[in-house]
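A.B. asks: This is target_10.pdb (PDB, C-alpha atoms and all ligand atoms).
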```
ATOM      1  CA  MET A  21      -3.055 -21.033 -16.793  1.00  0.00           C
ATOM      2  CA  GLY A  22      -2.392 -24.178 -14.721  1.00  0.00           C
ATOM      3  CA  LYS A  23      -2.209 -24.326 -10.945  1.00  0.00           C
ATOM      4  CA  ARG A  24      -1.616 -20.942  -9.294  1.00  0.00           C
ATOM      5  CA  ASN A  25       1.665 -20.842  -7.355  1.00  0.00           C
ATOM      6  CA  ILE A  26       3.095 -18.540  -4.664  1.00  0.00           C
ATOM      7  CA  LEU A  27       4.505 -16.098  -7.237  1.00  0.00           C
ATOM      8  CA  ASP A  28       1.041 -15.689  -8.800  1.00  0.00           C
ATOM      9  CA  ILE A  29      -0.453 -15.180  -5.332  1.00  0.00           C
ATOM     10  CA  LEU A  30       2.078 -12.490  -4.379  1.00  0.00           C
ATOM     11  CA  THR A  31       1.489 -10.643  -7.633  1.00  0.00           C
ATOM     12  CA  GLU A  32      -2.283 -10.739  -7.126  1.00  0.00           C
ATOM     13  CA  SER A  33      -2.195  -9.807  -3.424  1.00  0.00           C
ATOM     14  CA  LYS A  34      -2.805  -6.244  -2.277  1.00  0.00           C
ATOM     15  CA  ARG A  35       0.558  -4.647  -1.568  1.00  0.00           C
ATOM     16  CA  LEU A  36       0.982  -1.733   0.881  1.00  0.00           C
ATOM     17  CA  PRO A  37       4.540  -1.010   2.154  1.00  0.00           C
ATOM     18  CA  GLN A  38       7.709  -2.017   0.317  1.00  0.00           C
ATOM     19  CA  VAL A  39       8.100  -5.800   0.022  1.00  0.00           C
ATOM     20  CA  ILE A  40      10.901  -8.351   0.063  1.00  0.00           C
ATOM     21  CA  MET A  41      10.993  -9.642  -3.482  1.00  0.00           C
ATOM     22  CA  PRO A  42      11.184 -13.371  -4.270  1.00  0.00           C
ATOM     23  CA  LYS A  43      14.810 -13.019  -5.441  1.00  0.00           C
ATOM     24  CA  ASP A  44      15.742 -11.879  -1.915  1.00  0.00           C
ATOM     25  CA  ALA A  45      13.434 -14.388  -0.195  1.00  0.00           C
ATOM     26  CA  GLY A  46      15.329 -16.979  -2.234  1.00  0.00           C
ATOM     27  CA  LEU A  47      18.566 -15.827  -0.585  1.00  0.00           C
ATOM     28  CA  VAL A  48      17.071 -16.525   2.849  1.00  0.00           C
ATOM     29  CA  VAL A  49      16.381 -20.087   1.690  1.00  0.00           C
ATOM     30  CA  ALA A  50      19.863 -20.485   0.200  1.00  0.00           C
ATOM     31  CA  TYR A  51      21.718 -19.274   3.294  1.00  0.00           C
ATOM     32  CA  THR A  52      19.604 -20.752   6.111  1.00  0.00           C
ATOM     33  CA  GLY A  53      18.320 -23.985   4.543  1.00  0.00           C
ATOM     34  CA  VAL A  54      14.741 -23.260   5.680  1.00  0.00           C
ATOM     35  CA  CYS A  55      12.478 -26.070   4.485  1.00  0.00           C
ATOM     36  CA  PRO A  56       9.092 -27.747   5.107  1.00  0.00           C
ATOM     37  CA  GLY A  57       8.309 -28.259   8.787  1.00  0.00           C
ATOM     38  CA  TRP A  58      10.295 -25.301  10.153  1.00  0.00           C
ATOM     39  CA  LYS A  59       8.741 -22.846  12.600  1.00  0.00           C
ATOM     40  CA  VAL A  60       9.297 -19.281  11.409  1.00  0.00           C
ATOM     41  CA  LEU A  61       8.841 -15.943  13.179  1.00  0.00           C
ATOM     42  CA  ASP A  62       8.613 -12.958  10.810  1.00  0.00           C
ATOM     43  CA  VAL A  63       9.000  -9.434  12.200  1.00  0.00           C
ATOM     44  CA  GLY A  64       7.525  -6.521  10.237  1.00  0.00           C
ATOM     45  CA  THR A  65       4.728  -8.179   8.240  1.00  0.00           C
ATOM     46  CA  GLY A  66       4.309  -5.145   5.967  1.00  0.00           C
ATOM     47  CA  SER A  67       2.556  -6.375   2.827  1.00  0.00           C
ATOM     48  CA  GLY A  68       3.077  -9.981   3.890  1.00  0.00           C
ATOM     49  CA  TRP A  69       5.198 -10.990   0.904  1.00  0.00           C
ATOM     50  CA  LEU A  70       8.013 -12.630   2.863  1.00  0.00           C
ATOM     51  CA  ALA A  71       5.568 -14.121   5.384  1.00  0.00           C
ATOM     52  CA  MET A  72       3.450 -15.668   2.601  1.00  0.00           C
ATOM     53  CA  PHE A  73       6.541 -16.896   0.740  1.00  0.00           C
ATOM     54  CA  MET A  74       7.757 -18.621   3.925  1.00  0.00           C
ATOM     55  CA  ALA A  75       4.327 -20.030   4.841  1.00  0.00           C
ATOM     56  CA  ASN A  76       4.094 -21.596   1.389  1.00  0.00           C
ATOM     57  CA  LEU A  77       7.580 -23.063   1.759  1.00  0.00           C
ATOM     58  CA  VAL A  78       7.499 -24.419   5.331  1.00  0.00           C
ATOM     59  CA  ASN A  79       3.997 -25.906   5.213  1.00  0.00           C
ATOM     60  CA  PRO A  80       3.101 -28.012   7.293  1.00  0.00           C
ATOM     61  CA  GLY A  81       5.380 -25.862   9.447  1.00  0.00           C
ATOM     62  CA  LYS A  82       3.990 -22.557  10.681  1.00  0.00           C
ATOM     63  CA  VAL A  83       4.781 -18.861  10.386  1.00  0.00           C
ATOM     64  CA  THR A  84       3.917 -16.203  12.974  1.00  0.00           C
ATOM     65  CA  SER A  85       4.320 -12.606  11.826  1.00  0.00           C
ATOM     66  CA  TYR A  86       4.292  -9.383  13.894  1.00  0.00           C
ATOM     67  CA  GLU A  87       3.108  -6.052  12.503  1.00  0.00           C
ATOM     68  CA  LYS A  88       2.639  -2.921  14.616  1.00  0.00           C
ATOM     69  CA  ARG A  89       0.315  -1.093  12.196  1.00  0.00           C
ATOM     70  CA  LYS A  90      -3.300  -2.240  12.295  1.00  0.00           C
ATOM     71  CA  ASP A  91      -4.056  -1.209   8.695  1.00  0.00           C
ATOM     72  CA  PHE A  92      -1.129  -3.286   7.399  1.00  0.00           C
ATOM     73  CA  ALA A  93      -1.989  -6.268   9.628  1.00  0.00           C
ATOM     74  CA  ASP A  94      -5.656  -6.147   8.564  1.00  0.00           C
ATOM     75  CA  ASN A  95      -4.711  -5.985   4.890  1.00  0.00           C
ATOM     76  CA  VAL A  96      -2.534  -9.095   5.141  1.00  0.00           C
ATOM     77  CA  LYS A  97      -5.210 -10.950   7.139  1.00  0.00           C
ATOM     78  CA  GLU A  98      -7.610 -10.272   4.244  1.00  0.00           C
ATOM     79  CA  GLN A  99      -5.097 -11.610   1.725  1.00  0.00           C
ATOM     80  CA  LEU A 100      -4.625 -14.775   3.796  1.00  0.00           C
ATOM     81  CA  LYS A 101      -8.388 -15.393   3.735  1.00  0.00           C
ATOM     82  CA  LYS A 102      -8.575 -14.677   0.017  1.00  0.00           C
ATOM     83  CA  PHE A 103      -5.742 -17.055  -0.870  1.00  0.00           C
ATOM     84  CA  GLY A 104      -6.516 -19.759   1.719  1.00  0.00           C
ATOM     85  CA  PHE A 105      -3.393 -19.658   3.911  1.00  0.00           C
ATOM     86  CA  THR A 106      -3.945 -21.653   7.124  1.00  0.00           C
ATOM     87  CA  ASN A 107      -0.405 -21.831   8.566  1.00  0.00           C
ATOM     88  CA  LEU A 108       0.340 -18.092   8.839  1.00  0.00           C
ATOM     89  CA  LYS A 109      -0.748 -16.067  11.866  1.00  0.00           C
ATOM     90  CA  ILE A 110      -0.537 -12.266  11.915  1.00  0.00           C
ATOM     91  CA  ILE A 111      -0.170 -10.592  15.314  1.00  0.00           C
ATOM     92  CA  ASN A 112      -0.907  -6.862  15.397  1.00  0.00           C
ATOM     93  CA  GLU A 113       1.621  -5.846  18.079  1.00  0.00           C
ATOM     94  CA  ASP A 114       4.854  -3.911  18.362  1.00  0.00           C
ATOM     95  CA  ILE A 115       7.667  -6.461  18.596  1.00  0.00           C
ATOM     96  CA  PHE A 116       9.460  -4.331  21.235  1.00  0.00           C
ATOM     97  CA  THR A 117       6.613  -4.808  23.722  1.00  0.00           C
ATOM     98  CA  ALA A 118       5.183  -8.148  22.531  1.00  0.00           C
ATOM     99  CA  ILE A 119       5.577 -11.312  24.573  1.00  0.00           C
ATOM    100  CA  ILE A 120       6.978 -13.860  22.127  1.00  0.00           C
ATOM    101  CA  LYS A 121       5.705 -17.358  22.805  1.00  0.00           C
ATOM    102  CA  GLY A 122       7.544 -20.506  21.758  1.00  0.00           C
ATOM    103  CA  LYS A 123      10.834 -21.119  19.988  1.00  0.00           C
ATOM    104  CA  TYR A 124      11.616 -20.781  16.303  1.00  0.00           C
ATOM    105  CA  ASP A 125      13.960 -22.295  13.725  1.00  0.00           C
ATOM    106  CA  LEU A 126      14.164 -19.106  11.657  1.00  0.00           C
ATOM    107  CA  ILE A 127      13.423 -15.497  12.569  1.00  0.00           C
ATOM    108  CA  THR A 128      13.203 -13.014   9.696  1.00  0.00           C
ATOM    109  CA  VAL A 129      13.338  -9.286  10.418  1.00  0.00           C
ATOM    110  CA  ASP A 130      12.498  -6.495   7.989  1.00  0.00           C
ATOM    111  CA  MET A 131      11.976  -3.218   9.845  1.00  0.00           C
ATOM    112  CA  LYS A 132      13.714  -0.070  11.027  1.00  0.00           C
ATOM    113  CA  ASP A 133      15.865  -0.603  14.138  1.00  0.00           C
ATOM    114  CA  SER A 134      16.123  -4.352  13.599  1.00  0.00           C
ATOM    115  CA  GLU A 135      19.538  -4.365  15.298  1.00  0.00           C
ATOM    116  CA  LYS A 136      17.871  -3.181  18.536  1.00  0.00           C
ATOM    117  CA  ILE A 137      15.513  -6.181  18.753  1.00  0.00           C
ATOM    118  CA  LEU A 138      18.054  -8.928  18.146  1.00  0.00           C
ATOM    119  CA  ASN A 139      18.694  -9.632  21.882  1.00  0.00           C
ATOM    120  CA  LYS A 140      15.012 -10.344  22.412  1.00  0.00           C
ATOM    121  CA  LEU A 141      14.669 -12.406  19.233  1.00  0.00           C
ATOM    122  CA  TYR A 142      17.771 -14.445  20.060  1.00  0.00           C
ATOM    123  CA  GLU A 143      15.981 -15.741  23.172  1.00  0.00           C
ATOM    124  CA  ALA A 144      13.169 -17.074  20.956  1.00  0.00           C
ATOM    125  CA  LEU A 145      15.535 -18.996  18.679  1.00  0.00           C
ATOM    126  CA  ASN A 146      16.131 -22.760  18.823  1.00  0.00           C
ATOM    127  CA  THR A 147      19.750 -23.870  19.004  1.00  0.00           C
ATOM    128  CA  GLY A 148      20.865 -24.364  15.400  1.00  0.00           C
ATOM    129  CA  GLY A 149      18.300 -21.784  14.267  1.00  0.00           C
ATOM    130  CA  TRP A 150      18.887 -18.642  12.205  1.00  0.00           C
ATOM    131  CA  ILE A 151      18.109 -14.959  12.281  1.00  0.00           C
ATOM    132  CA  ALA A 152      17.920 -13.318   8.844  1.00  0.00           C
ATOM    133  CA  THR A 153      17.545  -9.554   8.585  1.00  0.00           C
ATOM    134  CA  TYR A 154      16.873  -7.521   5.490  1.00  0.00           C
ATOM    135  CA  SER A 155      18.250  -3.966   5.343  1.00  0.00           C
ATOM    136  CA  PRO A 156      18.165  -1.486   2.479  1.00  0.00           C
ATOM    137  CA  HIS A 157      20.967   0.559   4.071  1.00  0.00           C
ATOM    138  CA  ILE A 158      24.629  -0.258   4.691  1.00  0.00           C
ATOM    139  CA  GLU A 159      24.515   1.447   8.125  1.00  0.00           C
ATOM    140  CA  GLN A 160      21.745  -0.860   9.353  1.00  0.00           C
ATOM    141  CA  MET A 161      23.379  -3.923   7.828  1.00  0.00           C
ATOM    142  CA  LYS A 162      26.605  -3.151   9.726  1.00  0.00           C
ATOM    143  CA  ALA A 163      24.754  -2.517  12.992  1.00  0.00           C
ATOM    144  CA  VAL A 164      22.974  -5.874  12.631  1.00  0.00           C
ATOM    145  CA  LYS A 165      26.241  -7.680  11.963  1.00  0.00           C
ATOM    146  CA  THR A 166      27.809  -6.136  15.095  1.00  0.00           C
ATOM    147  CA  ALA A 167      24.751  -7.072  17.181  1.00  0.00           C
ATOM    148  CA  MET A 168      24.881 -10.668  15.929  1.00  0.00           C
ATOM    149  CA  LEU A 169      28.591 -10.995  16.757  1.00  0.00           C
ATOM    150  CA  THR A 170      28.028  -9.466  20.210  1.00  0.00           C
ATOM    151  CA  LEU A 171      25.398 -12.156  20.831  1.00  0.00           C
ATOM    152  CA  GLY A 172      27.973 -14.801  19.923  1.00  0.00           C
ATOM    153  CA  MET A 173      26.141 -15.851  16.768  1.00  0.00           C
ATOM    154  CA  LYS A 174      28.126 -17.924  14.265  1.00  0.00           C
ATOM    155  CA  GLU A 175      28.148 -18.277  10.483  1.00  0.00           C
ATOM    156  CA  VAL A 176      27.377 -14.557  10.211  1.00  0.00           C
ATOM    157  CA  ARG A 177      27.223 -13.605   6.591  1.00  0.00           C
ATOM    158  CA  ILE A 178      26.198 -10.542   4.568  1.00  0.00           C
ATOM    159  CA  VAL A 179      24.965 -10.994   1.010  1.00  0.00           C
ATOM    160  CA  GLU A 180      23.012  -9.158  -1.617  1.00  0.00           C
ATOM    161  CA  ASN A 181      21.430 -10.482  -4.745  1.00  0.00           C
ATOM    162  CA  ILE A 182      21.849  -8.473  -7.931  1.00  0.00           C
ATOM    163  CA  VAL A 183      19.803 -10.018 -10.701  1.00  0.00           C
ATOM    164  CA  ARG A 184      20.276  -8.959 -14.308  1.00  0.00           C
ATOM    165  CA  ASP A 185      17.657  -9.827 -16.877  1.00  0.00           C
ATOM    166  CA  TRP A 186      18.917 -10.474 -20.398  1.00  0.00           C
ATOM    167  CA  LYS A 187      17.473  -9.930 -23.800  1.00  0.00           C
ATOM    168  CA  ALA A 188      18.289 -12.754 -26.212  1.00  0.00           C
ATOM    169  CA  GLU A 189      17.118 -12.226 -29.753  1.00  0.00           C
ATOM    170  CA  ALA A 190      18.020 -13.956 -33.019  1.00  0.00           C
ATOM    171  CA  ASP A 191      20.616 -11.314 -33.966  1.00  0.00           C
ATOM    172  CA  PHE A 192      21.694  -9.772 -30.646  1.00  0.00           C
ATOM    173  CA  THR A 193      22.033 -10.683 -26.996  1.00  0.00           C
ATOM    174  CA  HIS A 194      22.685  -8.278 -24.120  1.00  0.00           C
ATOM    175  CA  PRO A 195      21.692  -7.451 -20.537  1.00  0.00           C
ATOM    176  CA  ILE A 196      18.573  -5.296 -20.331  1.00  0.00           C
ATOM    177  CA  PRO A 197      20.106  -1.881 -19.546  1.00  0.00           C
ATOM    178  CA  SER A 198      17.610  -0.744 -16.893  1.00  0.00           C
ATOM    179  CA  GLY A 199      16.054  -2.414 -13.862  1.00  0.00           C
ATOM    180  CA  ILE A 200      16.060  -2.509 -10.069  1.00  0.00           C
ATOM    181  CA  MET A 201      19.738  -2.240  -9.191  1.00  0.00           C
ATOM    182  CA  HIS A 202      19.455  -2.220  -5.404  1.00  0.00           C
ATOM    183  CA  THR A 203      16.946  -3.822  -3.055  1.00  0.00           C
ATOM    184  CA  GLY A 204      18.617  -4.752   0.230  1.00  0.00           C
ATOM    185  CA  PHE A 205      21.290  -6.617   2.157  1.00  0.00           C
ATOM    186  CA  LEU A 206      20.588  -9.908   3.850  1.00  0.00           C
ATOM    187  CA  VAL A 207      22.456 -10.565   7.091  1.00  0.00           C
ATOM    188  CA  VAL A 208      22.204 -14.092   8.472  1.00  0.00           C
ATOM    189  CA  GLY A 209      23.570 -15.529  11.692  1.00  0.00           C
ATOM    190  CA  ARG A 210      23.151 -18.814  13.529  1.00  0.00           C
ATOM    191  CA  LYS A 211      22.635 -19.666  17.203  1.00  0.00           C
ATOM    192  CA  THR A 212      24.914 -22.577  17.948  1.00  0.00           C
ATOM    193  CA  LYS A 213      24.520 -23.056  21.706  1.00  0.00           C
TER     194      LYS A 213
HETATM  195  C1  LIG B   1       9.332  -2.851   4.822  1.00  0.00           C
HETATM  196  S1  LIG B   1       7.977  -3.416   5.688  1.00  0.00           S
HETATM  197  C2  LIG B   1       8.107  -5.167   5.674  1.00  0.00           C
HETATM  198  C3  LIG B   1       7.744  -5.788   4.360  1.00  0.00           C
HETATM  199  C4  LIG B   1       7.619  -7.285   4.384  1.00  0.00           C
HETATM  200  N1  LIG B   1       8.871  -7.935   4.727  1.00  0.00           N
HETATM  201  C5  LIG B   1       7.098  -7.812   3.073  1.00  0.00           C
HETATM  202  O1  LIG B   1       7.821  -8.603   2.404  1.00  0.00           O
HETATM  203  O2  LIG B   1       5.976  -7.463   2.691  1.00  0.00           O
HETATM  204  C6  LIG B   1       8.400  -3.031   7.380  1.00  0.00           C
HETATM  205  C7  LIG B   1       7.240  -3.244   8.331  1.00  0.00           C
HETATM  206  O3  LIG B   1       7.709  -3.307   9.662  1.00  0.00           O
HETATM  207  C8  LIG B   1       6.705  -2.758  10.486  1.00  0.00           C
HETATM  208  N2  LIG B   1       7.305  -2.435  11.785  1.00  0.00           N
HETATM  209  C9  LIG B   1       8.195  -1.423  12.038  1.00  0.00           C
HETATM  210  N3  LIG B   1       8.535  -1.424  13.337  1.00  0.00           N
HETATM  211  C10 LIG B   1       7.852  -2.465  13.914  1.00  0.00           C
HETATM  212  C11 LIG B   1       7.781  -2.973  15.247  1.00  0.00           C
HETATM  213  N4  LIG B   1       8.473  -2.397  16.240  1.00  0.00           N
HETATM  214  N5  LIG B   1       6.990  -4.051  15.498  1.00  0.00           N
HETATM  215  C12 LIG B   1       6.278  -4.622  14.481  1.00  0.00           C
HETATM  216  N6  LIG B   1       6.292  -4.177  13.202  1.00  0.00           N
HETATM  217  C13 LIG B   1       7.071  -3.115  12.920  1.00  0.00           C
HETATM  218  C14 LIG B   1       6.243  -1.549   9.684  1.00  0.00           C
HETATM  219  O4  LIG B   1       4.994  -1.075  10.126  1.00  0.00           O
HETATM  220  C15 LIG B   1       6.232  -2.104   8.274  1.00  0.00           C
HETATM  221  O5  LIG B   1       4.969  -2.600   7.924  1.00  0.00           O
END
```
Mind converting the file's structure to structure tokens?
Ligand SMILES: C[S@@+](CC[C@H](N)C(=O)[O-])C[C@H]1O[C@@H](n2cnc3c(N)ncnc32)[C@H](O)[C@@H]1O

C.D. replies:
Amino acid sequence: MGKRNILDILTESKRLPQVIMPKDAGLVVAYTGVCPGWKVLDVGTGSGWLAMFMANLVNPGKVTSYEKRKDFADNVKEQLKKFGFTNLKIINEDIFTAIIKGKYDLITVDMKDSEKILNKLYEALNTGGWIATYSPHIEQMKAVKTAMLTLGMKEVRIVENIVRDWKAEADFTHPIPSGIMHTGFLVVGRKTK
């Protein structure tokens, strides 16, 4: 195999809680325009998949990621050493009590109760910056949307990404009949003043 890329790294990394898959990380890119040089805050490190995806993308920009569970934070720190990430910092603290330093261009949130932390995260957002939350459940997605509108955020949008793999053979072509049909909803909103 040639040069190892971020998808190879994610597959090889040790995974603990449920991850945001690259197809959904791709939606964050498509709807926020995040690109090299951006400063990203990631909330709910989990297995570090989204944080590593973003660190790879924004380099030389930086990612800071908060995780309340020490075992999860320690696991991701080990993966960062193993794969040589230098622009991703894991902070083992609960986001509800943490003191967030600095301002960010993009804040990603993947945890229970994400709608309840949006006020605090909004304060840490640069003007023109985005919050992107990932929610498996419709109820949480709706609560996030309401919280974003209450904050006066603009360009609020809810999307999901349903990917169908296809089988194309010499004599027949059809969608593969089984697969992951639901992952989560992405809600994005922008701070405009
Ligand atoms: C579904 S996982 C995130 C997965 C991650 N996005 C990935 O791609 O690997 C949710 C994580 O949020 C963490 N979490 C939940 N509440 C939190 C809080 N208040 N502060 C920090 N982390 C929290 C959980 O411990 C869990 O690891």

A.B. asks: Can you tell me which residues sit at most 8 Å away from ligand LIG 1 (chain B), counting all atoms listed in the file, written as number ranges by chain?

C.D. replies: A: 35-41, 62-71, 86-89, 92, 112-116, 129-133

A.B. asks: Can you tell me which residues surround Glu159 of chain A at a distance of at most 12 Å, considering all atoms listed in the file, apart from same-chain residues fewer than 3 positions away, and format the answer as a PDB file with C-alpha atoms, in the coordinates of the input?

C.D. replies:
```
ATOM      1  CA  LYS A 132      13.714  -0.070  11.027  1.00  0.00           C
ATOM      2  CA  ASP A 133      15.865  -0.603  14.138  1.00  0.00           C
ATOM      3  CA  SER A 134      16.123  -4.352  13.599  1.00  0.00           C
ATOM      4  CA  GLU A 135      19.538  -4.365  15.298  1.00  0.00           C
ATOM      5  CA  SER A 155      18.250  -3.966   5.343  1.00  0.00           C
ATOM      6  CA  PRO A 156      18.165  -1.486   2.479  1.00  0.00           C
ATOM      7  CA  LYS A 162      26.605  -3.151   9.726  1.00  0.00           C
ATOM      8  CA  ALA A 163      24.754  -2.517  12.992  1.00  0.00           C
ATOM      9  CA  VAL A 164      22.974  -5.874  12.631  1.00  0.00           C
ATOM     10  CA  LYS A 165      26.241  -7.680  11.963  1.00  0.00           C
ATOM     11  CA  THR A 166      27.809  -6.136  15.095  1.00  0.00           C
ATOM     12  CA  GLY A 204      18.617  -4.752   0.230  1.00  0.00           C
ATOM     13  CA  PHE A 205      21.290  -6.617   2.157  1.00  0.00           C
TER      14      PHE A 205
END
```

A.B. asks: Considering all atoms listed in the file, state which residue in the set A:Asp44, A:Asp125, A:Asp91, A:Glu32 is at the smallest distance from Glu180 of chain A.

C.D. replies: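 Of all the options, A:Asp44 lies closest to Glu180 of chain A.
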
A.B. asks: Which polymer residues have any atom within 8 Å of an atom of Lys123 of chain A, counting all atoms listed in the file, with same-chain residues fewer than 2 positions away left out, as a PyMOL selection string?

C.D. replies: chain A and resi 59+121+125+144-146

A.B. asks: Residues around (18.3, -10.7, -20.5), cut-off 9 Å, counting only C-alpha atoms - what are they as a PyMOL selection string?

C.D. replies: chain A and resi 184-188+193-196

A.B. asks: Can you list, as a count of residues only, every protein, DNA or RNA residue that comes within 12 Å of Met168 of chain A when you count all atoms listed in the file, leaving out same-chain residues fewer than 6 positions away?

C.D. replies: 25

A.B. asks: Translate the PyMOL selection byres (((chain A and resi 61) around 7) and not hetatm) into a concrete residue list for this structure, as a PyMOL selection string.

C.D. replies: chain A and resi 59-60+62-63+83-85+124+126-128

A.B. asks: How would you write, as a PyMOL selection string, the residues chosen by the PyMOL selection byres (((chain A and resi 99) around 12) and not hetatm) on this structure?

C.D. replies: chain A and resi 29-36+67-69+71-72+92-98+100-106+108-110

A.B. asks: Would you write out those residues with C-alpha atoms, as a PDB file, in the coordinates of the input?

C.D. replies:
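Output contents, as saved in result.pdb:
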```
ATOM      1  CA  ILE A  29      -0.453 -15.180  -5.332  1.00  0.00           C
ATOM      2  CA  LEU A  30       2.078 -12.490  -4.379  1.00  0.00           C
ATOM      3  CA  THR A  31       1.489 -10.643  -7.633  1.00  0.00           C
ATOM      4  CA  GLU A  32      -2.283 -10.739  -7.126  1.00  0.00           C
ATOM      5  CA  SER A  33      -2.195  -9.807  -3.424  1.00  0.00           C
ATOM      6  CA  LYS A  34      -2.805  -6.244  -2.277  1.00  0.00           C
ATOM      7  CA  ARG A  35       0.558  -4.647  -1.568  1.00  0.00           C
ATOM      8  CA  LEU A  36       0.982  -1.733   0.881  1.00  0.00           C
ATOM      9  CA  SER A  67       2.556  -6.375   2.827  1.00  0.00           C
ATOM     10  CA  GLY A  68       3.077  -9.981   3.890  1.00  0.00           C
ATOM     11  CA  TRP A  69       5.198 -10.990   0.904  1.00  0.00           C
ATOM     12  CA  ALA A  71       5.568 -14.121   5.384  1.00  0.00           C
ATOM     13  CA  MET A  72       3.450 -15.668   2.601  1.00  0.00           C
ATOM     14  CA  PHE A  92      -1.129  -3.286   7.399  1.00  0.00           C
ATOM     15  CA  ALA A  93      -1.989  -6.268   9.628  1.00  0.00           C
ATOM     16  CA  ASP A  94      -5.656  -6.147   8.564  1.00  0.00           C
ATOM     17  CA  ASN A  95      -4.711  -5.985   4.890  1.00  0.00           C
ATOM     18  CA  VAL A  96      -2.534  -9.095   5.141  1.00  0.00           C
ATOM     19  CA  LYS A  97      -5.210 -10.950   7.139  1.00  0.00           C
ATOM     20  CA  GLU A  98      -7.610 -10.272   4.244  1.00  0.00           C
ATOM     21  CA  LEU A 100      -4.625 -14.775   3.796  1.00  0.00           C
ATOM     22  CA  LYS A 101      -8.388 -15.393   3.735  1.00  0.00           C
ATOM     23  CA  LYS A 102      -8.575 -14.677   0.017  1.00  0.00           C
ATOM     24  CA  PHE A 103      -5.742 -17.055  -0.870  1.00  0.00           C
ATOM     25  CA  GLY A 104      -6.516 -19.759   1.719  1.00  0.00           C
ATOM     26  CA  PHE A 105      -3.393 -19.658   3.911  1.00  0.00           C
ATOM     27  CA  THR A 106      -3.945 -21.653   7.124  1.00  0.00           C
ATOM     28  CA  LEU A 108       0.340 -18.092   8.839  1.00  0.00           C
ATOM     29  CA  LYS A 109      -0.748 -16.067  11.866  1.00  0.00           C
ATOM     30  CA  ILE A 110      -0.537 -12.266  11.915  1.00  0.00           C
TER      31      ILE A 110
END
```

A.B. asks: Quick check, in Å to one decimal: how far apart do atom CA of Asn79 of chain A and atom CA of Lys213 of chain A lie?

C.D. replies: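 Atom CA of Asn79 of chain A sits 26.5 Å away from atom CA of Lys213 of chain A.
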
A.B. asks: Just the number, please: distance in Å from atom CA of Trp58 of chain A to atom CA of Ala167 of chain A, one decimal.

C.D. replies: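 Going from atom CA of Trp58 of chain A over to atom CA of Ala167 of chain A, I get 24.3 Å.
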
A.B. asks: Calculate how many Å separate atom CA of Tyr154 of chain A from atom CA of Asn25 of chain A, rounding to one decimal.

C.D. replies: 24.0 Å

A.B. asks: Have a look at A:Glu143, A:Met173, A:Asn107, A:Ile26 and name the one nearest to Gly122 of chain A; count only C-alpha atoms.

C.D. replies: A:Glu143

A.B. asks: Can you list, as a PDB file with C-alpha atoms, in the frame of the given file, the residues that the PyMOL selection byres (((chain A and resi 78) around 7) and not hetatm) selects here?

C.D. replies:
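Dumped to expr.pdb:
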```pdb
ATOM      1  CA  CYS A  55      12.478 -26.070   4.485  1.00  0.00           C
ATOM      2  CA  PRO A  56       9.092 -27.747   5.107  1.00  0.00           C
ATOM      3  CA  GLY A  57       8.309 -28.259   8.787  1.00  0.00           C
ATOM      4  CA  TRP A  58      10.295 -25.301  10.153  1.00  0.00           C
ATOM      5  CA  MET A  74       7.757 -18.621   3.925  1.00  0.00           C
ATOM      6  CA  ALA A  75       4.327 -20.030   4.841  1.00  0.00           C
ATOM      7  CA  ASN A  76       4.094 -21.596   1.389  1.00  0.00           C
ATOM      8  CA  LEU A  77       7.580 -23.063   1.759  1.00  0.00           C
ATOM      9  CA  ASN A  79       3.997 -25.906   5.213  1.00  0.00           C
ATOM     10  CA  PRO A  80       3.101 -28.012   7.293  1.00  0.00           C
ATOM     11  CA  GLY A  81       5.380 -25.862   9.447  1.00  0.00           C
ATOM     12  CA  LYS A  82       3.990 -22.557  10.681  1.00  0.00           C
TER      13      LYS A  82
END
```
